[in-house]
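Q: Provided below: start23.txt, containing compact mmCIF, C-alpha atoms.
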```
# COMPACT_ATOMS: atom_id res chain seq x y z
CA MET K 192 0.00 0.00 0.00
CA ARG K 193 2.81 2.31 0.99
CA PHE K 194 4.68 1.38 -2.19
CA LEU K 195 1.57 2.19 -4.23
CA ALA K 196 1.22 5.59 -2.56
CA ILE K 197 4.86 6.45 -3.25
CA SER K 198 4.69 5.33 -6.86
CA THR K 199 1.46 7.27 -7.39
CA LEU K 200 3.14 10.33 -5.91
CA CYS K 201 6.23 9.85 -8.12
CA CYS K 202 4.10 9.40 -11.20
CA THR K 203 2.11 12.53 -10.39
CA VAL K 204 5.31 14.56 -9.89
CA VAL K 205 6.82 13.26 -13.11
CA LEU K 206 3.64 13.81 -15.09
CA THR K 207 3.08 17.28 -13.67
CA SER K 208 6.61 18.39 -14.32
CA CYS K 209 6.46 17.09 -17.89
CA SER K 210 3.23 18.80 -18.86
CA LEU K 211 3.63 22.19 -20.47
CA LYS K 212 1.06 24.90 -19.90
CA THR K 213 1.12 25.55 -23.63
CA THR K 214 -0.89 22.45 -24.42
CA GLU K 215 -3.30 22.69 -21.47
CA GLY K 216 -6.88 22.59 -22.67
CA LEU K 217 -5.82 21.54 -26.17
CA ARG K 218 -6.90 18.30 -27.80
CA GLU K 219 -4.27 16.10 -29.47
CA ILE K 220 -5.33 15.01 -32.95
CA PRO K 221 -3.75 12.91 -35.69
CA PHE K 222 -1.66 14.81 -38.24
CA LEU K 223 -0.74 14.45 -41.89
CA GLU K 224 1.63 17.41 -42.31
CA LYS K 225 5.24 16.33 -41.91
CA GLU K 226 6.51 19.88 -41.56
CA VAL K 227 5.21 23.20 -40.31
CA GLU K 228 6.25 26.30 -42.25
CA ASN K 229 7.20 29.73 -40.93
CA PRO K 230 6.34 32.09 -43.82
CA TYR K 231 8.00 35.19 -42.32
CA PHE K 232 11.39 36.55 -43.40
CA ALA K 233 11.36 33.96 -46.18
CA ASN K 234 11.24 36.06 -49.36
CA PRO K 235 14.77 36.83 -50.62
CA LYS K 236 13.44 39.84 -52.58
CA ILE K 237 12.26 41.67 -49.46
CA ASP K 238 14.35 43.78 -47.06
CA TYR K 239 12.55 43.25 -43.76
CA VAL K 240 13.00 46.39 -41.64
CA TYR K 241 11.51 46.92 -38.17
CA LYS K 242 11.73 49.58 -35.48
CA ALA K 243 12.72 47.75 -32.33
CA LYS K 244 12.03 48.60 -28.71
CA ILE K 245 13.76 46.47 -26.14
CA ASP K 246 12.80 46.37 -22.49
CA VAL K 247 15.34 44.46 -20.45
CA TYR K 248 14.91 44.43 -16.67
CA GLY K 249 13.09 47.79 -16.88
CA LYS K 250 15.74 49.46 -19.05
CA ASN K 251 14.68 50.62 -22.48
CA PHE K 252 16.70 50.55 -25.68
CA GLY K 253 15.71 51.28 -29.23
CA GLY K 254 17.05 50.43 -32.61
CA ILE K 255 16.38 49.11 -36.06
CA LEU K 256 16.21 45.42 -36.92
CA ILE K 257 17.02 44.46 -40.48
CA VAL K 258 16.53 40.90 -41.70
CA LYS K 259 17.28 39.58 -45.16
CA LYS K 260 17.39 36.15 -46.70
CA ILE K 261 20.52 36.57 -48.79
CA GLU K 262 20.69 33.03 -50.19
CA PRO K 263 18.25 30.09 -50.08
CA ALA K 264 19.69 28.91 -46.77
CA ILE K 265 21.31 32.08 -45.41
CA HIS K 266 19.80 34.91 -43.35
CA ARG K 267 21.50 38.10 -42.22
CA VAL K 268 20.14 39.73 -39.07
CA VAL K 269 21.49 43.21 -38.32
CA PHE K 270 20.59 45.49 -35.44
CA THR K 271 21.55 49.17 -35.56
CA THR K 272 20.93 52.23 -33.44
CA GLU K 273 18.52 54.85 -34.79
CA PHE K 274 21.59 56.72 -36.06
CA GLY K 275 22.54 53.68 -38.09
CA SER K 276 25.54 52.45 -36.08
CA LYS K 277 25.64 48.67 -36.10
CA LEU K 278 25.20 46.98 -32.75
CA PHE K 279 25.36 43.44 -34.09
CA ASP K 280 25.42 41.59 -37.38
CA PHE K 281 24.55 37.89 -37.30
CA GLN K 282 24.49 35.31 -40.04
CA TYR K 283 22.50 32.07 -39.94
CA GLU K 284 23.07 29.19 -42.33
CA GLY K 285 21.11 26.07 -41.39
CA ASN K 286 22.35 25.21 -37.93
CA SER K 287 25.56 27.20 -38.20
CA PHE K 288 25.77 30.70 -36.78
CA THR K 289 28.35 33.43 -37.43
CA LYS K 290 28.79 36.61 -35.43
CA ASN K 291 29.99 39.02 -38.14
CA PHE K 292 30.06 41.94 -35.73
CA ILE K 293 28.95 42.85 -32.22
CA ILE K 294 29.79 45.86 -30.06
CA GLU K 295 31.97 45.14 -27.08
CA ASP K 296 29.25 45.94 -24.51
CA LEU K 297 26.95 43.25 -25.92
CA ASP K 298 29.62 40.66 -26.59
CA ARG K 299 28.85 38.42 -23.61
CA LYS K 300 28.12 34.74 -24.07
CA PHE K 301 24.73 34.90 -22.33
CA ILE K 302 23.51 37.94 -24.31
CA VAL K 303 24.75 36.55 -27.64
CA ASN K 304 23.04 33.22 -26.99
CA VAL K 305 19.71 34.84 -26.09
CA LEU K 306 19.79 37.08 -29.18
CA LYS K 307 20.98 34.24 -31.40
CA ASP K 308 18.14 31.95 -30.27
CA ASP K 309 15.45 34.65 -30.43
CA PHE K 310 16.20 35.61 -34.01
CA LYS K 311 16.70 31.99 -35.03
CA LEU K 312 13.13 31.40 -33.87
CA LEU K 313 11.93 34.21 -36.16
CA ILE K 314 13.71 33.10 -39.31
CA ASN K 315 13.58 29.31 -38.99
CA LYS K 316 11.74 28.29 -42.15
CA SER K 317 10.31 24.89 -41.31
CA ALA K 318 10.43 22.19 -38.71
CA GLU K 319 9.41 18.57 -38.45
CA VAL K 320 6.08 18.06 -36.72
CA VAL K 321 6.04 15.59 -33.81
CA SER K 322 2.45 16.12 -32.74
CA LEU K 323 -0.59 18.25 -33.47
CA TYR K 324 -3.13 19.81 -31.11
CA GLU K 325 -6.23 21.83 -31.74
CA SER K 326 -8.12 24.56 -29.95
CA GLU K 327 -11.38 26.11 -31.12
CA THR K 328 -9.60 28.50 -33.47
CA GLN K 329 -6.07 27.24 -33.98
CA ASN K 330 -3.98 24.24 -34.91
CA VAL K 331 -0.90 23.90 -32.73
CA PHE K 332 2.06 22.05 -34.24
CA LYS K 333 4.66 20.71 -31.84
CA THR K 334 8.22 20.42 -33.14
CA LYS K 335 11.43 19.31 -31.45
CA THR K 336 14.44 21.52 -30.79
CA GLU K 337 17.87 20.61 -29.38
CA SER K 338 16.75 21.22 -25.82
CA GLY K 339 12.96 21.23 -25.92
CA PHE K 340 10.11 22.10 -28.23
CA ASN K 341 8.62 24.83 -30.40
CA PHE K 342 4.86 25.15 -30.72
CA TYR K 343 3.51 26.86 -33.86
CA PHE K 344 0.00 28.32 -33.51
CA ILE K 345 -1.73 28.60 -36.87
CA GLY K 346 -5.21 30.12 -37.30
CA ARG K 347 -7.53 27.46 -38.66
CA ASP K 348 -9.40 29.89 -40.92
CA SER K 349 -6.70 32.47 -41.60
CA LYS K 350 -3.96 29.84 -42.08
CA GLN K 351 -1.67 32.48 -40.59
CA LEU K 352 1.10 31.75 -38.13
CA ASP K 353 -0.01 33.76 -35.07
CA LYS K 354 2.37 32.61 -32.39
CA ILE K 355 5.44 30.50 -31.63
CA ILE K 356 6.15 29.27 -28.12
CA ASN K 357 9.59 27.93 -27.36
CA THR K 358 9.92 25.63 -24.38
CA SER K 359 12.43 23.50 -22.58
CA LYS K 360 11.24 19.95 -21.89
CA THR K 361 9.25 21.23 -18.93
CA LYS K 362 8.85 25.01 -19.09
CA GLU K 363 7.84 27.78 -21.44
CA LYS K 364 10.81 30.03 -22.29
CA VAL K 365 9.93 32.44 -25.09
CA GLU K 366 6.68 33.53 -26.70
CA VAL K 367 6.61 35.24 -30.11
CA ASP K 368 3.39 36.91 -31.23
CA PHE K 369 2.78 38.06 -34.78
CA SER K 370 0.08 40.61 -35.59
CA PHE K 371 -1.25 42.08 -38.79
CA SER K 372 -3.30 44.98 -40.04
CA SER K 373 -5.84 44.66 -42.82
CA ASP K 374 -3.44 46.19 -45.36
CA SER K 375 -0.46 44.00 -44.43
CA PRO K 376 1.13 42.34 -47.43
CA SER K 377 0.86 38.59 -47.08
CA ASN K 378 3.48 36.92 -44.95
CA ILE K 379 4.78 40.18 -43.47
CA ALA K 380 3.85 40.75 -39.84
CA ASP K 381 3.20 44.38 -38.83
CA GLU K 382 4.16 43.80 -35.26
CA ILE K 383 6.20 41.06 -33.65
CA VAL K 384 6.57 40.76 -29.89
CA ILE K 385 9.22 38.46 -28.46
CA LYS K 386 8.57 37.93 -24.76
CA HIS K 387 10.84 35.94 -22.48
CA ILE K 388 9.20 34.11 -19.64
CA ASN K 389 12.22 33.24 -17.48
CA ILE K 390 14.11 36.53 -17.92
CA LYS K 391 12.72 40.08 -17.98
CA LEU K 392 13.25 40.72 -21.65
CA LYS K 393 10.74 41.92 -24.21
CA ILE K 394 11.50 42.88 -27.79
CA ASP K 395 8.80 44.76 -29.66
CA LEU K 396 9.20 45.06 -33.44
CA GLN K 397 7.09 47.42 -35.59
CA LYS K 398 7.32 47.14 -39.36
CA PHE K 399 8.62 50.28 -41.11
CA LYS K 400 5.84 52.08 -42.90
CA GLU K 401 6.67 55.28 -44.70
CA ASN K 402 4.04 57.97 -44.14
CA MET A 165 42.89 71.30 -51.77
CA ASN A 166 46.22 73.01 -51.56
CA ALA A 167 47.48 74.62 -48.35
CA GLN A 168 46.05 78.03 -49.21
CA GLU A 169 42.65 76.58 -50.14
CA ILE A 170 42.58 74.62 -46.87
CA THR A 171 43.30 77.73 -44.82
CA SER A 172 40.69 79.83 -46.57
CA PHE A 173 38.11 77.01 -46.35
CA LYS A 174 38.77 76.49 -42.62
CA ASP A 175 38.50 80.22 -41.95
CA LYS A 176 35.17 80.35 -43.76
CA VAL A 177 33.73 77.42 -41.78
CA ILE A 178 34.98 78.78 -38.46
CA ALA A 179 33.63 82.26 -39.23
CA SER A 180 30.26 80.81 -40.22
CA SER A 181 30.21 78.61 -37.14
CA LYS A 182 30.93 81.60 -34.88
CA THR A 183 27.93 83.52 -36.16
CA THR A 184 25.66 80.47 -36.01
CA LYS A 185 23.67 80.63 -32.80
CA THR A 186 20.87 78.30 -33.84
CA ILE A 187 20.20 75.87 -36.68
CA LYS A 188 16.93 74.21 -37.66
CA THR A 189 17.07 71.72 -40.46
CA ASP A 190 15.31 68.73 -41.97
CA PHE A 191 17.28 65.63 -42.80
CA VAL A 192 17.00 62.31 -44.53
CA GLN A 193 19.15 59.42 -43.35
CA TYR A 194 20.20 56.49 -45.53
CA LYS A 195 21.54 53.35 -43.92
CA HIS A 196 23.44 51.35 -46.48
CA LEU A 197 24.10 47.66 -45.89
CA ASP A 198 25.74 45.80 -48.76
CA PHE A 199 23.23 42.94 -48.70
CA LEU A 200 20.07 45.08 -48.89
CA ALA A 201 18.21 45.90 -52.11
CA ASP A 202 17.50 49.43 -50.85
CA ASP A 203 19.04 51.67 -48.23
CA VAL A 204 16.96 52.00 -45.06
CA LYS A 205 15.53 55.54 -45.17
CA THR A 206 14.41 57.63 -42.20
CA TRP A 207 13.42 61.28 -42.06
CA GLY A 208 13.50 63.90 -39.35
CA LYS A 209 14.43 67.30 -37.99
CA MET A 210 17.44 68.61 -36.15
CA VAL A 211 17.69 71.65 -33.89
CA PHE A 212 20.97 73.08 -32.64
CA LYS A 213 21.50 75.87 -30.15
CA ALA A 214 24.96 77.20 -29.32
CA PRO A 215 27.14 76.22 -27.65
CA ASN A 216 26.19 72.54 -27.50
CA LEU A 217 22.49 71.72 -27.34
CA VAL A 218 21.29 69.33 -30.03
CA LYS A 219 17.92 67.69 -30.57
CA TRP A 220 17.84 65.00 -33.19
CA GLU A 221 14.29 63.93 -34.01
CA TYR A 222 13.09 61.18 -36.36
CA THR A 223 9.53 61.73 -37.54
CA ASN A 224 9.12 59.17 -40.29
CA PRO A 225 8.58 56.20 -40.34
CA TYR A 226 8.64 56.36 -36.54
CA GLN A 227 8.80 58.92 -33.75
CA TYR A 228 12.07 58.99 -31.86
CA SER A 229 14.05 61.88 -30.45
CA ILE A 230 17.38 62.20 -28.71
CA ILE A 231 18.60 65.33 -26.94
CA PHE A 232 22.31 65.83 -26.30
CA LYS A 233 22.52 67.88 -23.13
CA GLU A 234 25.72 68.14 -21.14
CA ASP A 235 26.57 64.64 -19.92
CA GLN A 236 23.13 63.24 -20.61
CA LEU A 237 21.14 61.84 -23.44
CA LEU A 238 17.38 62.37 -23.16
CA ILE A 239 15.54 59.85 -25.28
CA ASN A 240 11.89 59.67 -26.25
CA ASP A 241 11.25 56.47 -28.17
CA GLY A 242 7.65 56.74 -29.37
CA GLY A 243 6.50 57.86 -25.91
CA THR A 244 8.94 55.72 -23.89
CA LYS A 245 11.24 58.21 -22.20
CA SER A 246 14.68 57.40 -20.85
CA LYS A 247 17.86 59.10 -19.73
CA VAL A 248 21.40 57.88 -20.36
CA GLU A 249 24.39 59.21 -18.44
CA ILE A 250 27.29 59.32 -20.82
CA GLY A 251 29.81 60.82 -18.43
CA ASN A 252 31.69 57.62 -17.82
CA SER A 253 31.80 56.28 -21.36
CA LYS A 254 34.66 57.89 -23.24
CA LEU A 255 33.76 56.23 -26.51
CA PHE A 256 30.16 57.37 -26.28
CA GLN A 257 31.27 60.89 -25.40
CA LYS A 258 33.45 60.95 -28.46
CA LEU A 259 30.70 59.67 -30.77
CA ASN A 260 28.29 62.27 -29.41
CA GLN A 261 30.80 65.04 -29.70
CA LEU A 262 31.22 64.04 -33.35
CA ILE A 263 27.51 64.41 -33.98
CA VAL A 264 27.37 67.82 -32.29
CA SER A 265 30.52 69.06 -34.02
CA SER A 266 29.47 67.76 -37.41
CA VAL A 267 26.30 69.82 -37.28
CA LYS A 268 28.46 72.93 -37.17
CA GLY A 269 31.31 71.47 -39.17
CA ASP A 270 33.87 73.08 -36.90
CA MET A 271 35.93 70.07 -35.87
CA PHE A 272 39.20 70.44 -37.75
CA ASN A 273 41.34 70.76 -34.67
CA ASP A 274 40.23 67.49 -33.19
CA SER A 275 43.48 65.70 -32.47
CA ASP A 276 41.73 62.34 -32.36
CA PHE A 277 41.45 62.32 -36.16
CA LYS A 278 43.66 62.43 -39.19
CA VAL A 279 41.98 65.07 -41.35
CA THR A 280 42.10 65.28 -45.15
CA PHE A 281 40.66 68.10 -47.29
CA LEU A 282 39.29 67.44 -50.78
CA LYS A 283 37.16 69.31 -53.26
CA THR A 284 34.53 68.29 -55.79
CA ASP A 285 32.66 70.49 -58.29
CA LYS A 286 29.94 71.45 -55.85
CA TYR A 287 31.34 70.71 -52.42
CA ASN A 288 34.32 70.81 -50.19
CA LYS A 289 34.86 67.46 -48.57
CA VAL A 290 36.62 66.76 -45.30
CA VAL A 291 37.52 63.20 -44.31
CA PHE A 292 38.22 62.33 -40.67
CA ILE A 293 39.95 59.06 -39.85
CA PRO A 294 40.05 58.10 -36.17
CA LYS A 295 43.49 57.55 -34.66
CA ASP A 296 42.09 55.71 -31.65
CA LYS A 297 41.72 51.97 -32.31
CA LYS A 298 38.59 51.70 -30.17
CA ILE A 299 36.78 54.34 -32.21
CA GLY A 300 38.26 52.81 -35.35
CA ALA A 301 36.49 49.54 -34.56
CA TYR A 302 33.18 51.37 -35.07
CA ILE A 303 34.01 54.10 -37.59
CA ALA A 304 36.53 53.66 -40.39
CA SER A 305 36.03 57.26 -41.47
CA PHE A 306 33.72 60.18 -41.11
CA GLU A 307 33.07 62.49 -44.05
CA LEU A 308 31.54 65.95 -44.13
CA LEU A 309 30.43 67.68 -47.32
CA PHE A 310 30.25 71.48 -47.14
CA ASN A 311 28.40 73.78 -49.54
CA LYS A 312 31.05 75.86 -51.27
CA GLU A 313 28.96 79.03 -51.02
CA ASP A 314 27.93 79.26 -47.38
CA ALA A 315 30.32 76.73 -45.77
CA GLN A 316 27.39 74.90 -44.15
CA VAL A 317 27.40 71.11 -43.72
CA PHE A 318 25.30 69.55 -46.46
CA GLU A 319 25.99 65.87 -45.82
CA VAL A 320 27.45 63.66 -43.11
CA LYS A 321 28.66 60.15 -43.91
CA MET A 322 29.87 57.62 -41.35
CA ILE A 323 31.64 54.67 -42.91
CA GLU A 324 32.03 51.50 -40.88
CA PRO A 325 35.04 49.18 -41.09
CA SER A 326 32.81 46.79 -43.11
CA GLN A 327 32.28 49.66 -45.62
CA ASP A 328 28.57 49.80 -44.77
CA PHE A 329 27.68 53.40 -44.11
CA THR A 330 25.13 55.91 -42.79
CA ARG A 331 24.55 59.02 -44.88
CA ILE A 332 22.62 62.04 -43.61
CA ILE A 333 21.61 64.81 -45.99
CA PHE A 334 20.33 68.12 -44.63
CA SER A 335 17.74 70.35 -46.30
CA ASN A 336 15.62 73.44 -45.49
CA ARG A 337 18.24 74.84 -43.16
CA VAL A 338 17.25 77.93 -41.18
CA LEU A 339 19.95 79.81 -39.27
CA ASN A 340 19.70 82.02 -36.20
CA ASN A 341 15.96 81.92 -35.62
CA THR A 342 14.93 81.98 -31.98
CA VAL A 343 14.97 78.51 -30.42
CA ASP A 344 13.47 78.13 -26.98
CA ASP A 345 15.44 76.13 -24.38
CA ALA A 346 12.29 74.12 -23.72
CA VAL A 347 12.92 72.33 -27.04
CA PHE A 348 15.77 70.53 -25.28
CA SER A 349 13.77 68.92 -22.50
CA ASN A 350 12.11 65.54 -22.59
```
Take the structure in the file and give it back as structure tokens.

A:
Amino acid sequence: MRFLAISTLCCTVVLTSCSLKTTEGLREIPFLEKEVENPYFANPKIDYVYKAKIDVYGKNFGGILIVKKIEPAIHRVVFTTEFGSKLFDFQYEGNSFTKNFIIEDLDRKFIVNVLKDDFKLLINKSAEVVSLYESETQNVFKTKTESGFNFYFIGRDSKQLDKIINTSKTKEKVEVDFSFSSDSPSNIADEIVIKHINIKLKIDLQKFKEN
Amino acid sequence: MNAQEITSFKDKVIASSKTTKTIKTDFVQYKHLDFLADDVKTWGKMVFKAPNLVKWEYTNPYQYSIIFKEDQLLINDGGTKSKVEIGNSKLFQKLNQLIVSSVKGDMFNDSDFKVTFLKTDKYNKVVFIPKDKKIGAYIASFELLFNKEDAQVFEVKMIEPSQDFTRIIFSNRVLNNTVDDAVFSN
């Protein structure tokens, strides 16, 4: 009896710690799609330019984020001040990452890794689906990463990617929300918000629109 | 430019700078990155009041202003206001001083730069190359184009070591109108 109680307790702890809030209330359904696509930052003809506002532990910084797919498998991600001075210049090719430039103040392993992972999440074109969930309005595709999972939330009617949640095996880490206005060109988000859950970091990106 | 041309050009800029108490001007900024199809364009206004108050304001495609005031930067990023103390960052001080000086153009005696004088059909061009390696890691050179007629700065270009650059072109410049100090508060 005692053994049963302990094992029940263990099972409960294990199960609880393994369940992510992201999928709470969602229903797992069979899936046909092998891959889920991220349509953003994918057109090599477009210069993607956003005004960025960064709030890190209550301190505010601004800048300009420029993303371009320069070859079928290569993205450049450059962040400058409003005056145009480069703060960092990253290059992504598949799983390899090159730091072309970064200012001394930002060149710390922790900061580089956070930035590297955040922007990788934005530009990653497709990922292999491991399971599929549904809510009333969205399909949620679960994919595997090196250390956890990414969940892609796609509107069932709009077919638009609305949200990506990155998690470890047990906890939500980063949430990326994409929003659009009625005159948005297809596959270009007007606003992107990258919100960290375990550190106080929020990056708000507003698409450049000339008045 | 030959030695005589350099002297006369410098004198003209310094004389013009001495009589300039305020400047109001529009500008357009081009950020050039070699991999982009088009330069990133932003527009705005700049206000200068002697001796060293500068407000740099972007109005399109976003609202952002930065006021250079003594050892502080007052920033208003689309309604989010912040203050940066620049007193203890030598590099930042230098970069800011460059911006303030370049508005007036009067920065020939800056010993931190190797200065070269050139002329084109329309403009006099001055190229500043930083001697300090730390500044050199951010700016390969800094170029100012002056109108030949009135010795005012027409264009500022900051070239990075990668050869990507920022180019700022001024227009609608108004000199010595009254500018209230309140312009330089956040």

Q: Find the spatial neighbours of Leu256 of chain K, counting only C-alpha atoms, within a cut-off of 7 Å - ignore same-chain residues fewer than 2 positions away - and output them as a count of residues only.

A: 9

Q: Using all atoms listed in the file and a cut-off of 9 Å, which residues of chain A sit close to chain K? Please list them as a PyMOL selection string.

A: chain A and resi 193-196+199-202+204-206+222+224-226+228+241+244-246+301-303+322+324+329-331

Q: Enter the distance from atom CA of Phe348 of chain A to atom CA of Ile245 of chain K, in Å, rounded to one decimal.

A: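 Computed distance, atom CA of Phe348 of chain A to atom CA of Ile245 of chain K, equals 24.2 Å.
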
Q: Quick one, how far is atom CA of Phe277 of chain A from atom CA of Lys247 of chain A?

A: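 Computed distance, atom CA of Phe277 of chain A to atom CA of Lys247 of chain A, equals 28.9 Å.
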
Q: Go through A:Asn288, A:Ser335, A:Asn341, A:Gln327 one by one, measure the shortest atom-to-atom distance of each to Ser172 of chain A using all atoms listed in the file, and give the residue with the smallest value.

A: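 Ranked by minimum distance to Ser172 of chain A, first place goes to A:Asn288.
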
Q: Which neighbours of segment 387-393 of chain K fall inside 6 Å, counting all atoms listed in the file, when residues of the same chain fewer than 6 positions from it are skipped, and could you give them as a PDB file with C-alpha atoms, in the coordinates of the input?

A:
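What follows is the written file selection_23.pdb:
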```pdb
ATOM      1  CA  ILE K 245      13.760  46.470 -26.140  1.00  0.00           C
ATOM      2  CA  ASP K 246      12.800  46.370 -22.490  1.00  0.00           C
ATOM      3  CA  VAL K 247      15.340  44.460 -20.450  1.00  0.00           C
ATOM      4  CA  TYR K 248      14.910  44.430 -16.670  1.00  0.00           C
ATOM      5  CA  LYS K 364      10.810  30.030 -22.290  1.00  0.00           C
ATOM      6  CA  VAL K 365       9.930  32.440 -25.090  1.00  0.00           C
TER       7      VAL K 365
END
```

Q: Rounded to one decimal place, report the atom CA of Asp395 of chain K-atom CA of Ile379 of chain K distance in Å.

A: 15.1 Å

Q: Mind checking which residues fall within 9 Å of Lys286 of chain A, counting only C-alpha atoms, ignoring those fewer than 6 positions away in the same chain, and posting them as a PyMOL selection string?

A: chain A and resi 310-312

Q: K:His266, K:Lys333, K:Lys386, K:Arg347: which is nearest Thr213 of chain K, counting all atoms listed in the file?

A: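 Smallest separation from Thr213 of chain K among the options: K:Lys333.
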
Q: Write out as a list of chain:residue names which residues come within 9 Å of Gln316 of chain A when counting all atoms listed in the file, dropping same-chain ones fewer than 4 positions away.

A: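 Using all atoms listed in the file, the neighbours found are A:Val177, A:Ser180, A:Ser181, A:Val267, A:Lys268, A:Gly269, A:Leu309, A:Phe310, A:Asn311, A:Lys312.
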
Q: Give me the box for segment 302-312 of chain K as lines of an AutoDock Vina configuration file, namely the centre and edge lengths in Å to one decimal of a box along x, y and z that holds every listed atom plus 6 Å on each side.

A:
```
center_x = 18.9
center_y = 34.7
center_z = -29.7
size_x = 23.6
size_y = 18.5
size_z = 22.7
```

Q: List the neighbours of Asp309 of chain K out to 12 Å using all atoms listed in the file; skip same-chain residues closer than 6 positions along the sequence, and give me the result as a ChimeraX atom specification.

A: /K:268,281,302-303,315,341,355-357,364-367,383-387,392-394

Q: Nearest to Leu238 of chain A: which of A:Leu217, A:Val343, A:Val320, A:Val338 is it, counting only C-alpha atoms?

A: A:Leu217

Q: For each of A:Asp314, A:Asp274, A:Glu319, A:Glu169, take the minimum atom-to-atom distance to Val192 of chain A, counting all atoms listed in the file, then give the residue where this is smallest.

A: A:Glu319

Q: Is it possible to add N, CA and C atoms to segment 171-190 of chain A and hand it back as a PDB file, in the frame of the given file?

A:
```
ATOM      1  N   THR A 171      43.367  76.644 -45.797  1.00  0.00           N
ATOM      2  CA  THR A 171      43.300  77.730 -44.820  1.00  0.00           C
ATOM      3  C   THR A 171      42.066  78.591 -45.048  1.00  0.00           C
ATOM      4  N   SER A 172      41.826  78.940 -46.300  1.00  0.00           N
ATOM      5  CA  SER A 172      40.690  79.830 -46.570  1.00  0.00           C
ATOM      6  C   SER A 172      39.370  79.111 -46.292  1.00  0.00           C
ATOM      7  N   PHE A 173      39.324  77.801 -46.620  1.00  0.00           N
ATOM      8  CA  PHE A 173      38.110  77.010 -46.350  1.00  0.00           C
ATOM      9  C   PHE A 173      37.847  76.919 -44.841  1.00  0.00           C
ATOM     10  N   LYS A 174      38.905  76.599 -44.087  1.00  0.00           N
ATOM     11  CA  LYS A 174      38.770  76.490 -42.620  1.00  0.00           C
ATOM     12  C   LYS A 174      38.284  77.805 -42.031  1.00  0.00           C
ATOM     13  N   ASP A 175      38.883  78.904 -42.469  1.00  0.00           N
ATOM     14  CA  ASP A 175      38.500  80.220 -41.950  1.00  0.00           C
ATOM     15  C   ASP A 175      37.021  80.491 -42.193  1.00  0.00           C
ATOM     16  N   LYS A 176      36.570  80.113 -43.396  1.00  0.00           N
ATOM     17  CA  LYS A 176      35.170  80.350 -43.760  1.00  0.00           C
ATOM     18  C   LYS A 176      34.223  79.541 -42.862  1.00  0.00           C
ATOM     19  N   VAL A 177      34.584  78.280 -42.623  1.00  0.00           N
ATOM     20  CA  VAL A 177      33.730  77.420 -41.780  1.00  0.00           C
ATOM     21  C   VAL A 177      33.723  77.949 -40.346  1.00  0.00           C
ATOM     22  N   ILE A 178      34.891  78.314 -39.846  1.00  0.00           N
ATOM     23  CA  ILE A 178      34.980  78.780 -38.460  1.00  0.00           C
ATOM     24  C   ILE A 178      34.214  80.101 -38.296  1.00  0.00           C
ATOM     25  N   ALA A 179      34.348  80.975 -39.278  1.00  0.00           N
ATOM     26  CA  ALA A 179      33.630  82.260 -39.230  1.00  0.00           C
ATOM     27  C   ALA A 179      32.120  82.014 -39.240  1.00  0.00           C
ATOM     28  N   SER A 180      31.687  81.107 -40.122  1.00  0.00           N
ATOM     29  CA  SER A 180      30.260  80.810 -40.220  1.00  0.00           C
ATOM     30  C   SER A 180      29.763  80.163 -38.936  1.00  0.00           C
ATOM     31  N   SER A 181      30.581  79.296 -38.374  1.00  0.00           N
ATOM     32  CA  SER A 181      30.210  78.610 -37.140  1.00  0.00           C
ATOM     33  C   SER A 181      30.080  79.583 -35.974  1.00  0.00           C
ATOM     34  N   LYS A 182      30.958  80.613 -35.970  1.00  0.00           N
ATOM     35  CA  LYS A 182      30.930  81.600 -34.880  1.00  0.00           C
ATOM     36  C   LYS A 182      29.661  82.424 -34.897  1.00  0.00           C
ATOM     37  N   THR A 183      29.147  82.697 -36.077  1.00  0.00           N
ATOM     38  CA  THR A 183      27.930  83.520 -36.160  1.00  0.00           C
ATOM     39  C   THR A 183      26.666  82.680 -36.080  1.00  0.00           C
ATOM     40  N   THR A 184      26.839  81.344 -36.067  1.00  0.00           N
ATOM     41  CA  THR A 184      25.660  80.470 -36.010  1.00  0.00           C
ATOM     42  C   THR A 184      25.254  80.221 -34.567  1.00  0.00           C
ATOM     43  N   LYS A 185      24.144  80.827 -34.173  1.00  0.00           N
ATOM     44  CA  LYS A 185      23.670  80.630 -32.800  1.00  0.00           C
ATOM     45  C   LYS A 185      22.645  79.504 -32.729  1.00  0.00           C
ATOM     46  N   THR A 186      21.831  79.408 -33.775  1.00  0.00           N
ATOM     47  CA  THR A 186      20.870  78.300 -33.840  1.00  0.00           C
ATOM     48  C   THR A 186      20.790  77.773 -35.275  1.00  0.00           C
ATOM     49  N   ILE A 187      20.461  76.484 -35.369  1.00  0.00           N
ATOM     50  CA  ILE A 187      20.200  75.870 -36.680  1.00  0.00           C
ATOM     51  C   ILE A 187      18.935  75.032 -36.548  1.00  0.00           C
ATOM     52  N   LYS A 188      18.066  75.140 -37.542  1.00  0.00           N
ATOM     53  CA  LYS A 188      16.930  74.210 -37.660  1.00  0.00           C
ATOM     54  C   LYS A 188      17.039  73.619 -39.054  1.00  0.00           C
ATOM     55  N   THR A 189      16.961  72.316 -39.134  1.00  0.00           N
ATOM     56  CA  THR A 189      17.070  71.720 -40.460  1.00  0.00           C
ATOM     57  C   THR A 189      16.317  70.383 -40.534  1.00  0.00           C
ATOM     58  N   ASP A 190      15.865  70.062 -41.741  1.00  0.00           N
ATOM     59  CA  ASP A 190      15.310  68.730 -41.970  1.00  0.00           C
ATOM     60  C   ASP A 190      16.458  67.827 -42.408  1.00  0.00           C
TER      61      ASP A 190
END
```
